[in-house]
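To be precise, the following lines are data-v5.txt, and they hold compact mmCIF, C-alpha atoms.
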```
# COMPACT_ATOMS: atom_id res chain seq x y z
CA MET K 1 116.25 -104.56 98.07
CA ASP K 2 115.13 -100.97 97.54
CA THR K 3 113.42 -100.80 94.15
CA ARG K 4 113.01 -97.02 94.24
CA LEU K 5 114.32 -95.34 91.10
CA VAL K 6 115.81 -91.86 91.06
CA PHE K 7 115.84 -90.23 87.60
CA THR K 8 118.56 -87.73 86.84
CA GLY K 9 117.45 -84.55 85.11
CA ASN K 10 114.20 -84.49 87.04
CA LYS K 11 114.54 -81.31 89.04
CA LYS K 12 111.47 -82.05 91.10
CA GLY K 13 113.29 -85.12 92.44
CA ALA K 14 110.35 -87.42 91.68
CA MET K 15 111.01 -90.90 93.06
CA LEU K 16 108.91 -93.81 91.94
CA THR K 17 109.17 -97.48 92.67
CA ALA K 18 109.26 -99.86 89.74
CA GLU K 19 105.81 -101.07 90.83
CA GLU K 20 104.43 -97.52 90.88
CA LEU K 21 105.82 -96.81 87.43
CA GLU K 22 104.35 -100.04 86.05
CA SER K 23 101.00 -99.19 87.64
CA ILE K 24 100.92 -95.75 86.00
CA SER K 25 101.80 -97.22 82.59
CA LYS K 26 99.28 -100.05 82.95
CA SER K 27 96.52 -97.63 83.95
CA PHE K 28 97.20 -95.50 80.85
CA HIS K 29 97.05 -98.44 78.43
CA GLU K 30 94.06 -100.06 80.14
CA SER K 31 92.15 -96.80 79.81
CA LEU K 32 92.94 -96.78 76.07
CA ARG K 33 91.84 -100.38 75.80
CA SER K 34 88.52 -99.52 77.43
CA ARG K 35 88.03 -96.56 75.08
CA LEU K 36 88.84 -98.59 71.99
CA TRP K 37 86.59 -101.47 73.00
CA GLY K 38 83.90 -98.82 73.50
CA LEU K 39 84.07 -98.25 69.74
CA SER K 40 82.85 -101.78 69.02
CA PRO K 41 80.90 -102.66 67.05
CA ALA K 42 82.54 -100.40 64.49
CA SER K 43 80.59 -99.09 61.53
CA ALA K 44 81.06 -96.65 58.67
CA SER K 45 78.58 -94.16 60.10
CA LEU K 46 78.77 -90.55 61.24
CA PRO K 47 77.93 -91.28 64.92
CA TRP K 48 80.74 -93.86 65.03
CA PHE K 49 83.16 -91.38 63.45
CA SER K 50 82.27 -88.89 66.21
CA SER K 51 83.00 -91.52 68.86
CA ALA K 52 86.29 -92.37 67.15
CA VAL K 53 87.40 -88.73 67.16
CA GLU K 54 86.47 -88.53 70.85
CA ALA K 55 88.73 -91.54 71.45
CA ILE K 56 91.60 -89.76 69.68
CA THR K 57 91.07 -86.68 71.82
CA TYR K 58 91.02 -88.83 74.95
CA THR K 59 94.29 -90.51 73.95
CA HIS K 60 96.09 -87.18 73.65
CA SER K 61 94.68 -85.96 76.97
CA ALA K 62 95.60 -89.24 78.69
CA ALA K 63 99.21 -88.91 77.49
CA ARG K 64 99.33 -85.41 78.92
CA SER K 65 97.99 -86.67 82.25
CA LEU K 66 100.58 -89.44 82.29
CA ILE K 67 103.41 -86.90 81.91
CA TYR K 68 102.11 -84.87 84.83
CA GLU K 69 101.47 -87.96 86.93
CA LEU K 70 105.11 -88.94 86.46
CA ASN K 71 105.92 -85.49 87.87
CA LEU K 72 108.58 -84.81 85.26
CA ASP K 73 110.39 -81.60 84.61
CA ASP K 74 111.94 -83.12 81.51
CA GLY K 75 109.10 -84.00 79.16
CA ASN K 76 111.44 -83.76 76.20
CA SER K 77 110.15 -86.88 74.44
CA LEU K 78 106.55 -85.68 74.34
CA SER K 79 107.48 -82.08 73.57
CA LEU K 80 109.56 -83.27 70.60
CA TRP K 81 106.60 -85.31 69.36
CA TYR K 82 104.29 -82.33 69.71
CA SER K 83 106.71 -80.05 67.90
CA ASP K 84 107.16 -82.51 65.02
CA ASP K 85 103.90 -84.46 64.65
CA SER K 86 101.10 -82.43 66.21
CA PRO K 87 100.95 -80.16 63.12
CA LYS K 88 100.14 -83.29 61.11
CA VAL K 89 97.25 -84.03 63.47
CA LEU K 90 95.97 -80.49 63.04
CA ASP K 91 96.26 -80.80 59.24
CA ILE K 92 94.31 -84.07 59.39
CA CYS K 93 91.61 -82.25 61.37
CA ASN K 94 91.54 -79.53 58.70
CA CYS K 95 91.15 -82.10 55.91
CA ILE K 96 88.26 -83.85 57.66
CA SER K 97 86.67 -80.50 58.52
CA SER K 98 86.83 -79.46 54.87
CA GLU K 99 85.02 -82.62 53.82
CA ILE K 100 82.41 -82.07 56.52
CA GLU K 101 81.81 -78.51 55.31
CA ARG K 102 81.48 -79.73 51.71
CA LEU K 103 78.84 -82.26 52.77
CA CYS K 104 77.04 -79.69 54.94
CA LEU K 105 76.73 -77.42 51.91
CA LEU K 106 75.23 -80.26 49.89
CA CYS K 107 72.79 -80.93 52.76
CA SER K 108 71.73 -77.29 52.62
CA ASN K 109 70.97 -77.73 48.93
CA LEU K 110 68.87 -80.80 49.69
CA ARG K 111 66.89 -78.87 52.29
CA ILE K 112 66.20 -76.17 49.69
CA ALA K 113 64.97 -78.86 47.30
CA VAL K 114 62.69 -80.35 49.98
CA LYS K 115 61.30 -76.88 50.80
CA LEU K 116 60.50 -76.27 47.13
CA LEU K 117 58.83 -79.66 46.78
CA ARG K 118 56.74 -79.03 49.90
CA SER K 119 55.53 -75.61 48.73
CA ASP K 120 51.80 -75.10 48.24
CA GLY K 121 50.46 -75.21 44.71
CA ASP K 122 52.00 -76.54 41.55
CA LEU K 123 55.70 -76.10 40.93
CA SER K 124 56.72 -73.93 38.02
CA GLU K 125 58.97 -75.38 35.34
CA GLU K 126 61.75 -73.19 36.69
CA ASP K 127 61.33 -74.63 40.20
CA ILE K 128 61.26 -78.18 38.87
CA HIS K 129 64.49 -77.58 36.99
CA ARG K 130 66.04 -76.08 40.13
CA VAL K 131 65.00 -79.07 42.23
CA ARG K 132 66.45 -81.45 39.66
CA ASP K 133 69.71 -79.50 39.57
CA LEU K 134 69.99 -79.53 43.36
CA LEU K 135 69.33 -83.26 43.55
CA ALA K 136 71.64 -83.99 40.62
CA ASP K 137 74.38 -82.06 42.42
CA TRP K 138 74.13 -84.54 45.28
CA VAL K 139 74.24 -87.50 42.89
CA SER K 140 77.39 -86.10 41.27
CA ASN K 141 79.20 -84.92 44.40
CA GLY K 142 77.61 -86.41 47.51
CA LYS K 143 79.91 -89.41 47.78
CA GLY K 144 83.06 -87.73 46.60
CA GLY K 145 83.31 -85.66 43.46
CA HIS K 146 86.50 -84.72 41.65
CA GLY K 147 86.97 -81.74 43.95
CA CYS K 148 87.86 -83.89 46.97
CA LEU K 149 90.53 -86.05 45.28
CA LYS K 150 93.33 -83.68 46.25
CA SER K 151 92.10 -83.63 49.87
CA ALA K 152 92.06 -87.44 49.85
CA ASP K 153 95.67 -87.50 48.69
CA ASP K 154 96.64 -84.91 51.30
CA ILE K 155 95.12 -86.76 54.23
CA GLU K 156 96.59 -90.06 53.10
CA VAL K 157 100.10 -88.59 53.08
CA LEU K 158 99.55 -87.05 56.52
CA ILE K 159 98.31 -90.31 58.03
CA ARG K 160 101.14 -92.30 56.49
CA ASP K 161 103.67 -89.84 57.93
CA LEU K 162 102.02 -90.02 61.34
CA ALA K 163 101.96 -93.82 61.22
CA ALA K 164 105.66 -93.85 60.37
CA SER K 165 106.38 -92.00 63.62
CA VAL K 166 105.07 -95.03 65.56
CA GLY K 167 108.26 -96.91 64.70
CA MET K 168 110.50 -93.86 64.94
CA SER K 169 109.52 -93.25 68.58
CA VAL K 170 110.77 -96.68 69.72
CA PRO K 171 113.42 -95.96 72.38
CA ARG K 172 116.95 -96.88 71.34
CA GLY K 173 120.13 -97.11 73.31
CA LYS K 174 120.25 -96.54 77.05
CA VAL K 175 116.98 -95.10 78.30
CA SER K 176 115.55 -94.74 81.79
CA PRO K 177 112.41 -96.63 82.83
CA VAL K 178 110.48 -93.36 82.84
CA GLU K 179 111.64 -92.49 79.33
CA ARG K 180 110.55 -95.94 78.19
CA VAL K 181 107.06 -95.43 79.64
CA VAL K 182 106.77 -91.99 78.02
CA CYS K 183 107.98 -93.22 74.62
CA ARG K 184 105.52 -96.10 74.76
CA ALA K 185 102.70 -93.63 75.50
CA ILE K 186 103.79 -91.46 72.56
CA ARG K 187 103.71 -94.49 70.26
CA ALA K 188 100.18 -95.16 71.49
CA VAL K 189 99.13 -91.59 70.70
CA SER K 190 100.63 -91.83 67.21
CA PHE K 191 99.05 -95.19 66.48
CA VAL K 192 95.53 -94.45 67.79
CA THR K 193 95.46 -91.12 65.95
CA ALA K 194 96.73 -92.56 62.66
CA PHE K 195 94.60 -95.69 62.79
CA LEU K 196 91.25 -94.11 63.68
CA ALA K 197 91.79 -91.11 61.39
CA GLY K 198 92.66 -93.60 58.67
CA VAL K 199 89.41 -95.52 59.16
CA ILE K 200 87.41 -92.28 58.97
CA SER K 201 89.22 -90.96 55.90
CA SER K 202 88.98 -94.30 54.08
CA ALA K 203 85.20 -94.11 54.38
CA MET K 204 84.82 -90.40 53.67
CA TYR K 205 87.37 -90.35 50.85
CA LEU K 206 86.97 -93.46 48.72
CA SER K 207 90.45 -93.15 47.18
CA SER K 208 92.25 -93.17 50.54
CA ARG K 209 94.18 -96.29 51.60
CA ALA K 210 95.58 -94.80 54.79
CA VAL K 211 93.80 -97.19 57.16
CA ILE K 212 95.74 -100.11 55.73
CA SER K 213 99.16 -98.54 56.22
CA VAL K 214 99.07 -98.76 60.03
CA PRO K 215 100.14 -102.15 61.42
CA VAL K 216 98.69 -103.19 64.78
CA PRO K 217 101.47 -103.10 67.41
CA GLU K 218 101.70 -106.45 69.19
CA GLU K 219 103.23 -104.91 72.30
CA PHE K 220 100.14 -103.03 73.41
CA PRO K 221 97.44 -104.66 75.57
CA TRP K 222 94.74 -102.98 73.49
CA GLY K 223 95.75 -104.58 70.20
CA ASP K 224 92.73 -106.90 70.37
CA SER K 225 90.33 -103.95 70.41
CA VAL K 226 92.04 -102.46 67.35
CA ARG K 227 91.78 -105.77 65.52
CA ALA K 228 88.06 -105.91 66.39
CA ILE K 229 87.55 -102.49 64.79
CA ARG K 230 89.60 -103.47 61.77
CA SER K 231 87.71 -106.72 61.23
CA ALA K 232 84.40 -104.85 61.38
CA VAL K 233 85.23 -102.34 58.66
CA ILE K 234 87.59 -104.21 56.35
CA VAL K 235 88.17 -107.75 55.15
CA ASP K 236 91.71 -109.01 55.53
CA SER K 237 93.61 -110.20 52.49
CA GLU K 238 96.08 -113.03 52.15
CA CYS K 239 98.39 -110.96 49.92
CA SER K 240 101.86 -110.52 51.36
CA GLU K 241 103.06 -107.55 49.31
CA ALA K 242 102.08 -104.29 51.02
CA THR K 243 100.73 -102.52 47.95
CA ASP K 244 98.75 -105.50 46.72
CA ARG K 245 97.34 -106.00 50.20
CA GLN K 246 96.19 -102.40 50.37
CA MET K 247 94.46 -102.56 46.98
CA GLN K 248 92.79 -105.87 47.77
CA ILE K 249 91.45 -104.74 51.12
CA LEU K 250 90.14 -101.48 49.69
CA LYS K 251 88.43 -103.32 46.87
CA GLU K 252 86.67 -105.57 49.38
CA LEU K 253 85.79 -102.59 51.55
CA ASP K 254 84.28 -100.90 48.50
CA ASP K 255 82.27 -104.05 47.73
CA MET K 256 81.02 -104.33 51.30
CA GLU K 257 80.22 -100.76 52.22
CA PRO K 258 81.25 -98.19 49.63
CA SER K 259 80.93 -95.14 51.86
CA VAL K 260 79.30 -93.66 54.92
CA LYS K 261 75.88 -95.12 55.78
CA GLU K 262 74.16 -91.74 55.96
CA LEU K 263 75.53 -90.78 52.54
CA ASP K 264 74.25 -94.02 51.04
CA ASP K 265 70.80 -93.55 52.57
CA THR K 266 70.63 -90.01 51.24
CA GLU K 267 71.67 -91.03 47.74
CA VAL K 268 68.97 -93.72 47.64
CA SER K 269 66.36 -91.14 48.70
CA VAL K 270 67.61 -88.58 46.17
CA TRP K 271 67.29 -91.08 43.34
CA HIS K 272 63.82 -92.06 44.57
CA VAL K 273 62.66 -88.43 44.48
CA LEU K 274 64.19 -87.84 41.04
CA GLU K 275 62.52 -90.93 39.60
CA THR K 276 59.18 -90.05 41.18
CA ILE K 277 59.35 -86.49 39.79
CA GLU K 278 59.79 -88.00 36.32
CA ASP K 279 56.79 -90.27 36.92
CA VAL K 280 54.69 -87.30 38.06
CA GLY K 281 55.65 -85.39 34.93
CA ALA K 282 54.77 -88.29 32.69
CA SER K 283 51.41 -89.03 34.34
CA GLY K 284 50.22 -85.52 35.06
CA GLY K 285 50.69 -85.80 38.83
CA GLY K 286 47.40 -87.28 39.95
CA GLY K 287 46.35 -89.82 42.57
CA GLU K 288 48.81 -92.57 43.47
CA ILE K 289 51.82 -90.91 41.82
CA ALA K 290 51.32 -87.70 43.83
CA GLY K 291 51.14 -89.79 47.01
CA ARG K 292 54.37 -91.53 46.11
CA LEU K 293 56.07 -88.18 45.64
CA ARG K 294 54.89 -86.98 49.05
CA GLU K 295 56.30 -90.12 50.67
CA ALA K 296 59.55 -89.76 48.73
CA ILE K 297 59.89 -86.17 49.92
CA LYS K 298 59.30 -87.25 53.55
CA GLY K 299 61.97 -89.92 53.19
CA LEU K 300 64.48 -87.45 51.74
CA GLU K 301 63.76 -84.92 54.48
CA LYS K 302 64.31 -87.56 57.17
CA VAL K 303 67.66 -88.82 55.88
CA THR K 304 68.87 -85.29 55.16
CA GLU K 305 68.19 -84.22 58.74
CA ALA K 306 69.86 -87.36 60.09
CA MET K 307 72.95 -86.71 58.00
CA SER K 308 73.03 -83.01 58.92
CA GLU K 309 72.85 -83.86 62.61
CA GLY K 310 75.62 -86.44 62.22
CA LEU K 311 77.83 -83.98 60.34
CA TYR K 312 77.31 -81.22 62.92
CA GLN K 313 78.20 -83.61 65.74
CA LEU K 314 81.30 -84.83 63.91
CA ARG K 315 82.35 -81.24 63.23
CA GLU K 316 82.11 -80.47 66.96
CA ARG K 317 84.21 -83.51 67.87
CA VAL K 318 86.88 -82.59 65.29
CA ASN K 319 86.96 -79.01 66.61
CA GLU K 320 87.42 -80.34 70.15
CA LEU K 321 90.33 -82.51 68.99
CA CYS K 322 91.89 -79.55 67.22
CA LEU K 323 91.58 -77.37 70.33
CA THR K 324 92.97 -80.11 72.58
CA VAL K 325 96.02 -80.68 70.40
CA THR K 326 96.63 -76.94 69.99
CA ARG K 327 96.41 -76.38 73.75
CA MET K 328 98.68 -79.35 74.52
CA ARG K 329 101.18 -78.28 71.90
CA LYS K 330 101.44 -74.85 73.50
CA GLU K 331 101.69 -76.32 77.01
CA MET K 332 104.36 -78.85 76.04
CA LEU K 333 106.49 -76.39 74.13
CA ASP K 334 106.19 -73.76 76.88
CA GLU K 335 106.84 -76.07 79.81
CA PHE K 336 109.17 -78.58 78.16
CA PRO K 337 111.05 -76.71 75.38
CA ALA K 338 112.26 -79.25 72.83
CA ARG K 339 116.01 -79.55 72.81
CA VAL K 340 118.03 -79.33 69.66
CA PRO K 341 119.39 -82.82 68.84
CA GLY K 342 122.90 -83.14 70.24
CA ASP K 343 122.39 -80.37 72.79
CA ASN K 344 123.46 -81.74 76.15
CA ASN K 345 122.96 -78.53 78.12
```
In structure tokens, how does this file's structure come out?
Amino acid sequence: MDTRLVFTGNKKGAMLTAEELESISKSFHESLRSRLWGLSPASASLPWFSSAVEAITYTHSAARSLIYELNLDDGNSLSLWYSDDSPKVLDICNCISSEIERLCLLCSNLRIAVKLLRSDGDLSEEDIHRVRDLLADWVSNGKGGHGCLKSADDIEVLIRDLAASVGMSVPRGKVSPVERVVCRAIRAVSFVTAFLAGVISSAMYLSSRAVISVPVPEEFPWGDSVRAIRSAVIVDSECSEATDRQMQILKELDDMEPSVKELDDTEVSVWHVLETIEDVGASGGGGEIAGRLREAIKGLEKVTEAMSEGLYQLRERVNELCLTVTRMRKEMLDEFPARVPGDNN
């Protein structure tokens, strides 16, 4: 029996066997599985966040490649997704970028404090007060001050909306095998983007619960890699009610690892310097106390540079994702104009 399938509406007359179509779909999902397993072991750290954003970017690019590999003229399913949901992805990028910029500014303040502390000669009272103010600013705002609460709410709404599209893109009614493959790929894009962005935002914004709102699809062969990431960063709860489950998991996450590793390391160093400055003031700054301050300054300088480097790298990865999505959105809408629902022309 001839298993070759001819798909109406495909002006290029692409003809694929069922085996060829299955091979293309399997290759797409296996590549995602490899990428997601590459994120293990997961950790709430800036280098891991950069790798996670790279995986999101790869997922979008892989979906684009799949469309072109299928040789379709009618990419309506993906173009509709890009017209409806890609703006949410871009808004998520903007939210994360804003938080990165906020932390970069605080890092700049810490570098100023380190420079003042390393200056030759005794510090003036004015300089000491300035150093204390700069360090206190980190203590108050480094791990999420009041100013980022609105951003946390914004990104949570965006991720929840994106996660909801995973279920909405399930094909219904009579669909062709190609349409089924494309819709499945779109669901993968939605899920990977929402899940990984949710993990990042839940660590960077302590009030966010977005990571919990994305169920792991059982149909995908890479579900095990997602569960490995989830088990590394959160502790599952036995609660059955969705809201209670979210609150319980977040509480356990907060107990385990309250925020990003680099932020925690920096806060510890900031407190160490502040306490040592007080000791220097009380003792007059001689001998052992002065040595402790020098070591504390070295420690603060080291963690500040590590965090700055991690933030810059993450910012580059987020910018790359933003550019990829913007470029794909333009390509999809130019080449496959989204049809108005109900338009059969």
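Picture a line from atom CA of Trp81 of chain K to atom CA of Leu323 of chain K; it runs 17.0 Å.
Of the listed residues K:Thr304, K:Ser51, K:Tyr68, K:Leu274, the one whose atoms come nearest to Arg292 of chain K is K:Leu274, with distances taken using all atoms listed in the file.
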Point-to-point distance from atom CA of Arg187 of chain K to atom CA of Ala163 of chain K, Å rounded to tenths
9.2 Å
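Taking atom CA of Arg35 of chain K and atom CA of Ala228 of chain K as endpoints, the distance between them is 12.8 Å.
Proximity ranking of K:Val131, K:Cys107, K:Leu117, K:Leu16 relative to Met307 of chain K places K:Cys107 first, based on all atoms listed in the file.
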Leaving out Met328 of chain K and any residue of its chain fewer than 3 positions from it, which residues lie within 8 Å of it when counting only C-alpha atoms, given as a list in words?
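Answer for this query is Arg64, Tyr82, Thr324, Val325, Glu331 and Met332 of chain K.
You can rank K:Ser40, K:Ser98, K:Thr17, K:Thr266 by their closest distance to Asp224 of chain K using all atoms listed in the file, and at the top of that list sits K:Ser40.
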Which of K:Leu196, K:Ile100, K:Leu36, K:Leu135 sits closest to Ile277 of chain K [using all atoms listed in the file]
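Of K:Leu196, K:Ile100, K:Leu36, K:Leu135, the one nearest Ile277 of chain K is K:Leu135, counting all atoms listed in the file.
Take the candidates K:Cys95, K:Ile200, K:Leu110, K:Val318 and check each one against Ala44 of chain K using only C-alpha atoms; the shortest distance goes to K:Ile200.
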Within 7 Å of (100.5, -100.3, 63.1) (file coordinates; only C-alpha atoms), which protein or nucleic acid residues are there? I'd like them as a PyMOL selection string.
chain K and resi 163+191+214-217
From K:Gly299, K:Pro221, K:Gly310, K:Gly291, residue lying nearest Phe28 of chain K [only C-alpha atoms]:
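Among K:Gly299, K:Pro221, K:Gly310, K:Gly291, it is K:Pro221 that comes nearest to Phe28 of chain K.
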Excluding His272 of chain K and residues on its chain fewer than 5 positions from it, collect all residues at most 9 Å away from it, counting all atoms listed in the file, and give them as an MDAnalysis selection string.
chainID K and resid 267 277 293 296:297 300
Could you write out as lines of an AutoDock Vina configuration file the box around segment 22-35 of chain K (axis-aligned, all atoms listed in the file, 4 Å on each side), with centre and edge lengths in Å to one decimal?
```
center_x = 96.2
center_y = -97.9
center_z = 81.4
size_x = 24.3
size_y = 12.9
size_z = 20.6
```
